[in-house]
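File shown here: start00.cif, holding mmCIF, C-alpha atoms (C1' of nucleotides).
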data_entry
loop_
_atom_site.label_atom_id
_atom_site.label_comp_id
_atom_site.auth_asym_id
_atom_site.auth_seq_id
_atom_site.Cartn_x
_atom_site.Cartn_y
_atom_site.Cartn_z
CA MET Z 794 -41.68 11.24 -69.45
CA LEU Z 795 -41.56 7.52 -69.11
CA GLY Z 796 -42.05 6.06 -65.63
CA GLY Z 797 -39.68 3.41 -64.36
CA ARG Z 798 -42.20 0.65 -64.66
CA ALA Z 799 -43.07 1.49 -68.23
CA GLU Z 800 -39.42 0.93 -69.09
CA ASP Z 801 -39.69 -2.64 -67.87
CA TYR Z 802 -42.55 -3.19 -70.27
CA LEU Z 803 -40.51 -1.83 -73.15
CA GLU Z 804 -37.64 -4.12 -72.37
CA ALA Z 805 -39.93 -7.10 -72.04
CA ILE Z 806 -41.49 -6.35 -75.41
CA TYR Z 807 -38.04 -5.96 -76.85
CA THR Z 808 -36.94 -9.32 -75.52
CA LEU Z 809 -40.02 -11.13 -76.74
CA SER Z 810 -39.75 -9.48 -80.13
CA ARG Z 811 -36.22 -10.76 -80.67
CA GLU Z 812 -37.70 -14.08 -81.71
CA LYS Z 813 -41.07 -13.63 -83.30
CA GLY Z 814 -41.04 -9.93 -84.07
CA PHE Z 815 -43.90 -9.10 -81.69
CA ALA Z 816 -45.20 -9.75 -78.20
CA LYS Z 817 -48.55 -10.84 -76.79
CA VAL Z 818 -50.37 -9.63 -73.72
CA MET Z 819 -50.19 -13.00 -72.01
CA GLU Z 820 -46.45 -13.27 -72.49
CA LEU Z 821 -45.90 -9.86 -71.02
CA SER Z 822 -48.24 -10.63 -68.18
CA GLU Z 823 -46.14 -13.65 -67.26
CA MET Z 824 -42.78 -12.10 -67.84
CA LEU Z 825 -43.58 -9.04 -65.73
CA ASP Z 826 -45.65 -10.91 -63.18
CA VAL Z 827 -48.65 -8.70 -63.63
CA LYS Z 828 -52.24 -9.45 -64.59
CA PRO Z 829 -53.23 -9.24 -68.28
CA ALA Z 830 -55.62 -6.40 -67.56
CA THR Z 831 -52.72 -4.34 -66.32
CA VAL Z 832 -50.67 -5.07 -69.40
CA SER Z 833 -53.53 -4.01 -71.59
CA GLU Z 834 -53.69 -0.65 -69.85
CA MET Z 835 -49.97 -0.07 -69.99
CA LEU Z 836 -49.82 -0.91 -73.68
CA GLU Z 837 -52.49 1.67 -74.28
CA LYS Z 838 -50.31 4.21 -72.53
CA LEU Z 839 -47.11 3.23 -74.32
CA SER Z 840 -49.01 3.45 -77.57
CA ARG Z 841 -50.25 6.97 -76.81
CA MET Z 842 -46.68 7.93 -76.04
CA GLY Z 843 -45.48 6.56 -79.33
CA TYR Z 844 -43.29 3.74 -78.07
CA VAL Z 845 -45.31 0.87 -79.47
CA ASP Z 846 -47.63 0.01 -82.31
CA TYR Z 847 -50.63 -1.55 -80.73
CA LYS Z 848 -54.19 -2.08 -81.75
CA LYS Z 849 -56.51 -3.68 -79.21
CA ARG Z 850 -56.73 -7.44 -79.46
CA SER Z 851 -53.66 -7.69 -81.57
CA HIS Z 852 -49.89 -8.03 -81.20
CA VAL Z 853 -47.54 -5.37 -79.92
CA ARG Z 854 -44.47 -4.14 -81.77
CA LEU Z 855 -42.01 -1.49 -80.78
CA THR Z 856 -41.86 1.65 -82.90
CA GLU Z 857 -38.51 3.10 -83.93
CA LYS Z 858 -38.63 5.30 -80.87
CA GLY Z 859 -39.48 2.29 -78.75
CA ILE Z 860 -36.62 0.27 -80.17
CA ARG Z 861 -34.14 3.02 -79.52
CA LYS Z 862 -35.34 3.36 -75.96
CA ALA Z 863 -35.35 -0.36 -75.33
CA MET Z 864 -31.86 -0.79 -76.70
CA SER Z 865 -30.51 1.97 -74.56
CA LEU Z 866 -32.13 0.43 -71.50
CA ARG Z 867 -30.81 -2.96 -72.40
CA GLU Z 868 -27.32 -1.60 -72.76
CA LYS Z 869 -27.54 0.04 -69.34
CA ARG Z 870 -28.71 -3.17 -67.79
CA ASN Z 871 -25.94 -5.16 -69.40
CA ILE Z 872 -23.30 -2.83 -68.11
CA VAL Z 873 -24.66 -3.08 -64.61
CA ILE Z 874 -24.85 -6.85 -64.80
CA LYS Z 875 -21.32 -7.19 -66.05
CA PHE Z 876 -20.17 -4.77 -63.46
CA LEU Z 877 -21.81 -6.54 -60.56
CA LYS Z 878 -20.54 -9.88 -61.74
CA ALA Z 879 -17.02 -8.51 -61.99
CA LEU Z 880 -17.47 -7.46 -58.40
CA GLY Z 881 -18.33 -11.00 -57.42
CA VAL Z 882 -22.09 -10.71 -57.12
CA SER Z 883 -23.89 -13.89 -58.13
CA GLU Z 884 -25.60 -14.03 -61.49
CA ASP Z 885 -29.21 -13.89 -60.39
CA VAL Z 886 -28.71 -11.19 -57.81
CA ALA Z 887 -26.79 -9.19 -60.42
CA GLU Z 888 -29.71 -9.53 -62.78
CA ARG Z 889 -32.28 -8.56 -60.21
CA ASP Z 890 -30.36 -5.53 -59.07
CA ALA Z 891 -29.48 -4.44 -62.59
CA CYS Z 892 -33.16 -4.42 -63.33
CA ALA Z 893 -33.79 -2.01 -60.50
CA LEU Z 894 -30.72 0.12 -61.08
CA GLU Z 895 -31.12 0.76 -64.77
CA HIS Z 896 -34.02 3.12 -64.10
CA VAL Z 897 -32.23 5.10 -61.52
CA LEU Z 898 -28.57 5.62 -62.26
CA HIS Z 899 -27.25 9.01 -63.24
CA PRO Z 900 -25.47 9.03 -66.61
CA GLU Z 901 -22.24 9.94 -64.90
CA THR Z 902 -22.44 6.93 -62.63
CA LEU Z 903 -23.26 4.74 -65.55
CA ARG Z 904 -20.30 6.08 -67.44
CA GLN Z 905 -17.98 5.11 -64.62
CA LEU Z 906 -19.45 1.65 -64.35
CA ARG Z 907 -18.92 1.26 -68.06
CA ASN Z 908 -15.37 2.46 -67.70
CA PHE Z 909 -14.73 0.01 -64.94
CA VAL Z 910 -16.05 -2.94 -66.90
CA ARG Z 911 -14.00 -1.97 -69.93
CA PHE Z 912 -10.98 -1.46 -67.75
CA VAL Z 913 -11.24 -4.92 -66.30
CA GLU Z 914 -11.92 -6.46 -69.68
CA SER Z 915 -9.06 -4.69 -71.35
CA SER Z 916 -6.51 -5.49 -68.72
CA PRO Z 917 -3.38 -7.22 -69.98
CA ALA Z 918 -3.53 -10.32 -67.82
CA ILE Z 919 -6.62 -12.51 -67.87
CA ASN Z 920 -6.73 -12.16 -64.13
CA PRO Z 921 -4.83 -9.07 -63.10
CA ARG Z 922 -3.05 -9.18 -59.78
CA TRP Z 923 -5.31 -6.70 -58.04
CA LEU Z 924 -8.47 -8.54 -59.04
CA GLU Z 925 -7.06 -11.73 -57.62
CA HIS Z 926 -6.19 -9.81 -54.51
CA PHE Z 927 -9.68 -8.45 -54.31
CA ARG Z 928 -11.22 -11.90 -54.51
CA GLU Z 929 -8.81 -13.04 -51.85
CA PHE Z 930 -9.81 -10.08 -49.74
CA CYS Z 931 -13.49 -11.00 -50.11
CA LYS Z 932 -12.77 -14.46 -48.76
CA THR Z 933 -10.35 -13.72 -45.98
CA GLY Z 934 -11.03 -10.09 -45.18
CA LYS Z 935 -7.33 -9.42 -45.52
CA HIS Z 936 -5.36 -7.71 -48.20
CA PRO Z 937 -2.80 -10.30 -49.29
CA CYS Z 938 -0.09 -7.66 -49.64
CA LYS Z 939 -0.37 -6.77 -46.01
CA GLN Z 940 0.96 -9.56 -43.89
CA ARG Z 941 0.10 -9.88 -40.23
CA MET X 774 -42.95 -3.46 -44.61
CA LEU X 775 -41.55 -0.03 -45.09
CA GLY X 776 -41.87 1.58 -48.52
CA GLY X 777 -38.83 3.18 -50.13
CA ARG X 778 -40.08 6.69 -49.58
CA ALA X 779 -40.78 6.15 -45.91
CA GLU X 780 -37.12 5.27 -45.49
CA ASP X 781 -36.15 8.70 -46.74
CA TYR X 782 -38.28 10.23 -44.02
CA LEU X 783 -36.58 8.12 -41.38
CA GLU X 784 -33.17 9.18 -42.54
CA ALA X 785 -34.17 12.80 -42.65
CA ILE X 786 -35.50 12.62 -39.10
CA TYR X 787 -32.31 10.90 -38.08
CA THR X 788 -30.18 13.63 -39.60
CA LEU X 789 -32.19 16.44 -38.04
CA SER X 790 -32.17 14.72 -34.67
CA ARG X 791 -28.37 14.54 -34.58
CA GLU X 792 -28.36 18.14 -33.44
CA LYS X 793 -31.43 18.96 -31.45
CA GLY X 794 -32.73 15.50 -30.63
CA PHE X 795 -35.93 15.91 -32.60
CA ALA X 796 -37.30 17.10 -35.94
CA LYS X 797 -40.12 19.40 -36.97
CA VAL X 798 -42.62 19.05 -39.76
CA MET X 799 -41.38 22.17 -41.56
CA GLU X 800 -37.80 20.98 -41.53
CA LEU X 801 -38.74 17.65 -42.99
CA SER X 802 -40.94 19.33 -45.54
CA GLU X 803 -37.99 21.37 -46.76
CA MET X 804 -35.40 18.63 -46.55
CA LEU X 805 -37.54 16.18 -48.49
CA ASP X 806 -39.03 18.77 -50.80
CA VAL X 807 -42.58 17.81 -49.96
CA LYS X 808 -45.48 19.83 -48.59
CA PRO X 809 -46.04 19.92 -44.82
CA ALA X 810 -49.39 18.21 -45.19
CA THR X 811 -47.65 15.25 -46.74
CA VAL X 812 -45.12 15.07 -43.94
CA SER X 813 -47.90 15.09 -41.41
CA GLU X 814 -49.50 12.09 -43.04
CA MET X 815 -46.29 10.15 -43.34
CA LEU X 816 -45.42 10.77 -39.71
CA GLU X 817 -48.78 9.36 -38.74
CA LYS X 818 -47.93 6.24 -40.69
CA LEU X 819 -44.41 5.90 -39.32
CA SER X 820 -45.85 6.33 -35.86
CA ARG X 821 -48.39 3.55 -36.39
CA MET X 822 -45.57 1.33 -37.57
CA GLY X 823 -43.55 2.07 -34.48
CA TYR X 824 -40.66 3.89 -36.06
CA VAL X 825 -41.26 7.27 -34.46
CA ASP X 826 -42.73 8.86 -31.39
CA TYR X 827 -45.10 11.46 -32.60
CA LYS X 828 -48.06 13.27 -31.19
CA LYS X 829 -49.90 15.67 -33.45
CA ARG X 830 -48.66 19.26 -33.29
CA SER X 831 -45.48 18.27 -31.55
CA HIS X 832 -41.93 17.19 -32.36
CA VAL X 833 -40.91 13.88 -33.86
CA ARG X 834 -38.34 11.52 -32.41
CA LEU X 835 -37.18 8.17 -33.61
CA THR X 836 -37.98 5.15 -31.47
CA GLU X 837 -35.35 2.50 -30.81
CA LYS X 838 -36.65 0.61 -33.79
CA GLY X 839 -36.53 3.76 -35.87
CA ILE X 840 -32.97 4.50 -34.86
CA ARG X 841 -31.83 1.02 -35.72
CA LYS X 842 -33.48 1.27 -39.12
CA ALA X 843 -32.14 4.73 -39.81
CA MET X 844 -28.62 3.75 -38.88
CA SER X 845 -28.69 0.75 -41.10
CA LEU X 846 -29.93 2.88 -43.98
CA ARG X 847 -27.33 5.48 -43.30
CA GLU X 848 -24.62 2.90 -43.34
CA LYS X 849 -25.83 1.54 -46.65
CA ARG X 850 -25.86 4.98 -48.13
CA ASN X 851 -22.37 5.71 -46.91
CA ILE X 852 -21.01 2.57 -48.44
CA VAL X 853 -22.57 3.41 -51.77
CA ILE X 854 -21.27 6.97 -51.64
CA LYS X 855 -17.76 5.88 -50.81
CA PHE X 856 -17.94 3.27 -53.46
CA LEU X 857 -19.11 5.61 -56.19
CA LYS X 858 -16.53 8.18 -55.26
CA ALA X 859 -13.81 5.55 -55.38
CA LEU X 860 -15.03 4.82 -58.87
CA GLY X 861 -14.58 8.44 -59.82
CA VAL X 862 -18.17 9.64 -59.67
CA SER X 863 -18.49 13.24 -58.54
CA GLU X 864 -19.61 13.97 -55.00
CA ASP X 865 -23.10 15.24 -55.67
CA VAL X 866 -23.98 12.61 -58.21
CA ALA X 867 -22.68 9.98 -55.83
CA GLU X 868 -24.94 11.36 -53.14
CA ARG X 869 -27.98 11.50 -55.36
CA ASP X 870 -27.51 7.99 -56.63
CA ALA X 871 -26.70 6.58 -53.23
CA CYS X 872 -30.00 7.95 -52.02
CA ALA X 873 -31.83 6.02 -54.72
CA LEU X 874 -29.76 2.86 -54.45
CA GLU X 875 -29.94 2.34 -50.73
CA HIS X 876 -33.57 1.29 -50.97
CA VAL X 877 -33.00 -1.17 -53.72
CA LEU X 878 -29.76 -3.07 -53.39
CA HIS X 879 -29.73 -6.74 -52.51
CA PRO X 880 -27.70 -7.51 -49.39
CA GLU X 881 -25.29 -9.54 -51.44
CA THR X 882 -24.59 -6.65 -53.74
CA LEU X 883 -24.15 -4.38 -50.80
CA ARG X 884 -21.72 -6.79 -49.24
CA GLN X 885 -19.59 -6.72 -52.35
CA LEU X 886 -19.63 -2.96 -52.51
CA ARG X 887 -18.56 -2.88 -48.90
CA ASN X 888 -15.81 -5.36 -49.66
CA PHE X 889 -14.62 -3.27 -52.52
CA VAL X 890 -14.46 -0.09 -50.50
CA ARG X 891 -12.59 -1.83 -47.71
CA PHE X 892 -10.27 -3.42 -50.22
CA VAL X 893 -9.36 -0.09 -51.72
CA GLU X 894 -8.98 1.51 -48.32
CA SER X 895 -6.82 -1.28 -46.95
CA SER X 896 -4.51 -1.46 -49.89
CA PRO X 897 -0.83 -1.10 -49.07
CA ALA X 898 -0.04 1.87 -51.29
CA ILE X 899 -2.03 5.06 -50.92
CA ASN X 900 -2.71 4.90 -54.61
CA PRO X 901 -2.28 1.33 -55.78
CA ARG X 902 -1.01 0.83 -59.29
CA TRP X 903 -4.25 -0.55 -60.68
CA LEU X 904 -6.31 2.35 -59.36
CA GLU X 905 -3.97 4.79 -60.99
CA HIS X 906 -4.29 2.77 -64.14
CA PHE X 907 -8.03 2.87 -63.89
CA ARG X 908 -8.08 6.63 -63.59
CA GLU X 909 -5.75 6.83 -66.54
CA PHE X 910 -8.07 4.51 -68.44
CA CYS X 911 -11.03 6.77 -67.66
CA LYS X 912 -9.22 9.72 -69.17
CA THR X 913 -7.62 8.16 -72.20
CA GLY X 914 -9.73 5.11 -72.83
CA LYS X 915 -6.57 3.05 -72.93
CA HIS X 916 -5.10 0.65 -70.48
CA PRO X 917 -1.62 2.01 -69.76
CA CYS X 918 -0.12 -1.48 -69.67
CA LYS X 919 -1.16 -2.14 -73.22
CA GLN X 920 0.83 -0.05 -75.58
CA ARG X 921 -0.39 0.65 -79.11
"C1'" DA B 258 -55.10 38.40 -21.92
"C1'" DA B 259 -55.88 39.18 -26.83
"C1'" DT B 260 -54.38 38.54 -31.13
"C1'" DA B 261 -51.37 38.24 -35.27
"C1'" DG B 262 -48.67 35.26 -37.58
"C1'" DC B 263 -46.78 30.92 -38.30
"C1'" DA B 264 -46.90 25.76 -38.07
"C1'" DT B 265 -49.63 22.00 -38.47
"C1'" DT B 266 -53.58 19.22 -39.54
"C1'" DT B 267 -57.84 18.01 -42.00
"C1'" DA B 268 -60.54 17.18 -45.90
"C1'" DG B 269 -60.96 16.19 -50.33
"C1'" DG B 270 -58.44 15.32 -54.78
"C1'" DT B 271 -55.01 13.44 -58.37
"C1'" DA B 272 -51.97 10.11 -60.76
"C1'" DA B 273 -49.67 5.70 -61.32
"C1'" DA B 274 -49.70 1.10 -61.26
"C1'" DC B 275 -51.83 -2.47 -59.76
"C1'" DC B 276 -56.10 -5.63 -58.87
"C1'" DT B 277 -60.80 -8.58 -59.61
"C1'" DA B 278 -64.81 -9.86 -62.01
"C1'" DA B 279 -67.30 -10.10 -65.94
"C1'" DG B 280 -68.01 -9.76 -70.77
"C1'" DA B 281 -66.31 -9.94 -75.67
"C1'" DA B 282 -63.47 -11.62 -79.24
"C1'" DA B 283 -60.43 -14.88 -81.43
"C1'" DC B 284 -58.84 -19.43 -82.05
"C1'" DG B 285 -58.81 -24.24 -82.82
"C1'" DA B 286 -60.81 -28.85 -82.75
"C1'" DT B 287 -64.31 -31.43 -84.22
"C1'" DA H 1221 -69.42 -23.73 -89.09
"C1'" DT H 1222 -70.06 -24.11 -84.36
"C1'" DC H 1223 -68.81 -24.60 -79.63
"C1'" DG H 1224 -65.62 -24.49 -75.97
"C1'" DT H 1225 -61.36 -22.61 -74.38
"C1'" DT H 1226 -58.23 -19.24 -74.04
"C1'" DT H 1227 -56.95 -14.47 -74.46
"C1'" DC H 1228 -57.95 -9.84 -74.05
"C1'" DT H 1229 -60.56 -5.69 -72.65
"C1'" DT H 1230 -63.66 -3.00 -69.72
"C1'" DA H 1231 -65.33 -1.22 -65.60
"C1'" DG H 1232 -64.79 -0.26 -61.19
"C1'" DG H 1233 -61.77 -0.49 -56.98
"C1'" DT H 1234 -57.33 -0.23 -54.05
"C1'" DT H 1235 -52.96 1.70 -52.40
"C1'" DT H 1236 -49.26 4.95 -52.07
"C1'" DA H 1237 -47.46 9.22 -52.11
"C1'" DC H 1238 -48.32 13.33 -53.34
"C1'" DC H 1239 -51.17 17.92 -53.74
"C1'" DT H 1240 -54.29 22.43 -52.46
"C1'" DA H 1241 -57.24 25.02 -49.65
"C1'" DA H 1242 -59.17 25.81 -45.53
"C1'" DA H 1243 -59.37 25.22 -40.59
"C1'" DT H 1244 -57.11 24.89 -36.19
"C1'" DG H 1245 -53.77 25.30 -32.65
"C1'" DC H 1246 -49.53 27.44 -30.74
"C1'" DT H 1247 -46.63 31.17 -29.40
"C1'" DA H 1248 -44.84 35.47 -28.80
"C1'" DT H 1249 -45.71 40.34 -28.63
"C1'" DT H 1250 -47.95 43.85 -27.18
#
Would you write the structure of this file as C-alpha cells?
Amino acid sequence: MLGGRAEDYLEAIYTLSREKGFAKVMELSEMLDVKPATVSEMLEKLSRMGYVDYKKRSHVRLTEKGIRKAMSLREKRNIVIKFLKALGVSEDVAERDACALEHVLHPETLRQLRNFVRFVESSPAINPRWLEHFREFCKTGKHPCKQR
Amino acid sequence: MLGGRAEDYLEAIYTLSREKGFAKVMELSEMLDVKPATVSEMLEKLSRMGYVDYKKRSHVRLTEKGIRKAMSLREKRNIVIKFLKALGVSEDVAERDACALEHVLHPETLRQLRNFVRFVESSPAINPRWLEHFREFCKTGKHPCKQR
DNA sequence: AATAGCATTTAGGTAAACCTAAGAAACGAT
DNA sequence: ATCGTTTCTTAGGTTTACCTAAATGCTATT
C-alpha cells in the first residue's frame, strides 16, 4: 500500500506534468519542501511500486496506474477544498487542510462531502436562504430566524 | 510539540480515568491496539513532557496540563463527530474519521465546523427545510426545488 | 512466606521518511 | 571540447512509533 506521504509526491508529479509532461527532482524538492536526496529515494520507491517511470538522472513521468491514482487524489482534494470554502474557510487554510484530509477520509465521509458540495451548487437560488443565514450566524452567533 | 499519536494516548488515558481516576498499561494497550511495551515507552515520553504523572510499574494519571490538552482534543473530536453525523455520515465512520481529523484540522476550519453544528442545532425548526432537502438530495441526487 | 501467574519494563530491532555531506553526472557558456 | 555550475545520487545517520523476546516486579493464593 501507498503511504500518505507518497501520495503527495504523486500529486506533485501530476501537477508538474500538466505543463511539460514530466517532473524533475529539483522541482519536486521545492514543491514538497524536502531535500533532493529524499525525492530521489521516494521516486525509487514509487518506481518499484509501478506508479512512475523513472530512470536515475532522468525525468519522472507517471505510469497509467500513477495517473489514475493521482487523478483520484486530486478529485478528493478538490471536493474537500470546495467543501471547506463553502463552509466559509479561507482559501489557503482550505488548501492546507484538504491536503491533509485527502489521505485520511473514509469513502463514506467523502461521499457526503461531495453530496454537500453538489447540493449547494445545484440549489435553485444563487445564494439560498439557509446559506445566507449560516453566514449571518457565523458573524453574529445568532440564527436570524430566532429573534431575541 | 506533541506528535499526533501521542495525542491519542492522552485521550485514551482521559477516557479511562473518567471512571477510576487512573489508567493501566494493559488497558491502554488494548484501547490503542498497541503492545504494552510500546505503551510503556510512550508513557515515559508523555511523563517527560509533563502531560502525565507516571512512575514505572504504577498507574498513570493526567497532570493539569494533560487534562487541559485532553479536554481540548476531546472537544475537537466531538465537534467533528457531530458535524459528520449532521452531514449524514454513519456513526462509526464519523468516529473513525474524527479520530484522524482532530490532529490535523486548522483552528479556522474547526471554528467553521463548530459554527455549522451550532447553526444546525439552533435552527428554528427541528428539521429545517434545507436539511430535509439535503437528505433528499443525497438519496435521489436531485434538488427537490428543481423539478425536471 | 513462597511461589505461580500476570503486568510491566528492558533491550535490541524494523520501517518510513527525513537529513547532511560528498561524489558523480549532465548541462551550458565560452 | 572543456570547465564550472547545477542537479542528482549515494552512503550513512536521525527520529518516531512500532515490534518481539526475555527479564523483572507485583500480587494473590496457598
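A straight line drawn from CA of Glu820 (chain Z) to CA of Val832 (chain Z) is 9.7 Å long.
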Review point. Could you list, as a ChimeraX atom specification, every residue of chain X that has an atom within 12 Å of an atom of chain B, counting only C-alpha atoms (C1' of nucleotides)?
Key: /X:797-800,802,808-814,816-817,828-832
Any chance you could tabulate, as a tab-separated table, the residues of chain X at most 10 Å from chain Z with each one's nearest atom pair and distance in Å to one decimal, using only C-alpha atoms, in chain and rising number order?
residue	atom	partner	partner_atom	distance
X:Leu857	CA	Z:Thr902	CA	7.4
X:Lys858	CA	Z:Thr902	CA	9.5
X:Leu860	CA	Z:Gln905	CA	6.5
X:Gly861	CA	Z:Gln905	CA	6.8
X:Val862	CA	Z:Thr902	CA	5.9
X:Ser863	CA	Z:Glu901	CA	8.1
X:Val866	CA	Z:His899	CA	7.0
X:Ala867	CA	Z:Thr902	CA	7.5
X:Arg869	CA	Z:His899	CA	8.3
X:Asp870	CA	Z:Leu898	CA	6.2
X:Ala871	CA	Z:Leu898	CA	9.3
X:Ala873	CA	Z:Val897	CA	6.9
X:Leu874	CA	Z:Leu894	CA	7.2
X:Val877	CA	Z:Ala893	CA	6.9
X:Leu878	CA	Z:Asp890	CA	6.2
X:His879	CA	Z:Asp890	CA	6.7
X:Pro880	CA	Z:Val886	CA	9.2
X:Glu881	CA	Z:Val882	CA	6.6
X:Thr882	CA	Z:Val882	CA	5.8
X:Leu883	CA	Z:Val882	CA	9.2
X:Arg884	CA	Z:Val882	CA	8.8
X:Gln885	CA	Z:Leu880	CA	6.5
X:Leu886	CA	Z:Leu880	CA	7.7
X:Arg887	CA	Z:Cys931	CA	9.6
X:Asn888	CA	Z:Cys931	CA	6.1
X:Phe889	CA	Z:Phe927	CA	7.4
X:Arg891	CA	Z:Gly934	CA	8.8
X:Phe892	CA	Z:Phe927	CA	6.5
X:Val893	CA	Z:Phe927	CA	8.8
X:Glu894	CA	Z:His936	CA	9.9
X:Ser895	CA	Z:His936	CA	6.7
X:Ser896	CA	Z:His936	CA	6.5
X:Pro897	CA	Z:Lys939	CA	6.5
X:Ala898	CA	Z:Cys938	CA	9.7
X:Pro901	CA	Z:Trp923	CA	8.9
X:Arg902	CA	Z:Trp923	CA	8.8
X:Trp903	CA	Z:Trp923	CA	6.8
X:Leu904	CA	Z:Trp923	CA	9.2
X:His906	CA	Z:Phe912	CA	8.7
X:Phe907	CA	Z:Phe912	CA	6.5
X:Arg908	CA	Z:Asn908	CA	9.4
X:Glu909	CA	Z:Phe912	CA	9.9
X:Phe910	CA	Z:Phe912	CA	6.7
X:Cys911	CA	Z:Asn908	CA	6.1
X:Lys912	CA	Z:Asn908	CA	9.6
X:Gly914	CA	Z:Asn908	CA	8.1
X:Lys915	CA	Z:Phe912	CA	8.2
X:His916	CA	Z:Ser916	CA	6.5
X:Pro917	CA	Z:Ser916	CA	9.0
X:Cys918	CA	Z:Pro917	CA	6.6
X:Lys919	CA	Z:Pro917	CA	6.4
Point to revise | Reference answer for the PyMOL selection byres ((chain H) within 10 of (chain X)), as a VMD selection string | key: chain H and resid 1236 to 1240 1245 to 1246
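Interatomic distance, CA of Arg850 (chain X) to CA of Asp781 (chain X): 11.0 Å.
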Review point. So which residues touch Glu895 (chain Z) within 8 Å, counting only C-alpha atoms (C1' of nucleotides), skipping near sequence neighbours fewer than 5 positions away, as a ChimeraX atom specification?
Key: /Z:866,869-870,873
Please, could you write that set of residues out with C-alpha atoms as a CSV table (one decimal), keeping the file's coordinate frame?
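Resulting contents of result26.csv:
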chain,number,residue,atom,x,y,z
Z,866,LEU,CA,-32.1,0.4,-71.5
Z,869,LYS,CA,-27.5,0.0,-69.3
Z,870,ARG,CA,-28.7,-3.2,-67.8
Z,873,VAL,CA,-24.7,-3.1,-64.6
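Applied to the shown file, the PyMOL selection byres ((chain Z and resi 804) around 8) selects the residues Glu800, Asp801, Tyr802, Leu803, Ala805, Ile806, Tyr807, Thr808, Ala863, Met864, Leu866 and Arg867 of chain Z.
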Please write the residues picked by the PyMOL selection byres ((chain X and resi 838) around 12) on this file as a compact mmCIF listing (two decimals) with C-alpha atoms, in the coordinates of the input.
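File produced: result30.txt:
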# COMPACT_ATOMS: atom_id res chain seq x y z
CA LEU X 783 -36.58 8.12 -41.38
CA TYR X 787 -32.31 10.90 -38.08
CA LEU X 819 -44.41 5.90 -39.32
CA SER X 820 -45.85 6.33 -35.86
CA MET X 822 -45.57 1.33 -37.57
CA GLY X 823 -43.55 2.07 -34.48
CA TYR X 824 -40.66 3.89 -36.06
CA VAL X 825 -41.26 7.27 -34.46
CA ASP X 826 -42.73 8.86 -31.39
CA ARG X 834 -38.34 11.52 -32.41
CA LEU X 835 -37.18 8.17 -33.61
CA THR X 836 -37.98 5.15 -31.47
CA GLU X 837 -35.35 2.50 -30.81
CA GLY X 839 -36.53 3.76 -35.87
CA ILE X 840 -32.97 4.50 -34.86
CA ARG X 841 -31.83 1.02 -35.72
CA LYS X 842 -33.48 1.27 -39.12
CA ALA X 843 -32.14 4.73 -39.81
CA MET X 844 -28.62 3.75 -38.88
CA SER X 845 -28.69 0.75 -41.10
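One finds CA of Val910 (chain Z) at 25.7 Å from CA of Glu848 (chain X).
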Edge lengths and centre in Å to one decimal, as lines of an AutoDock Vina configuration file, is what I'm after for the box along x, y and z that holds all listed atoms of region 1222-1233 of chain H once 6 Å is added on each side.
center_x = -63.5
center_y = -12.4
center_z = -70.7
size_x = 25.1
size_y = 36.3
size_z = 39.4
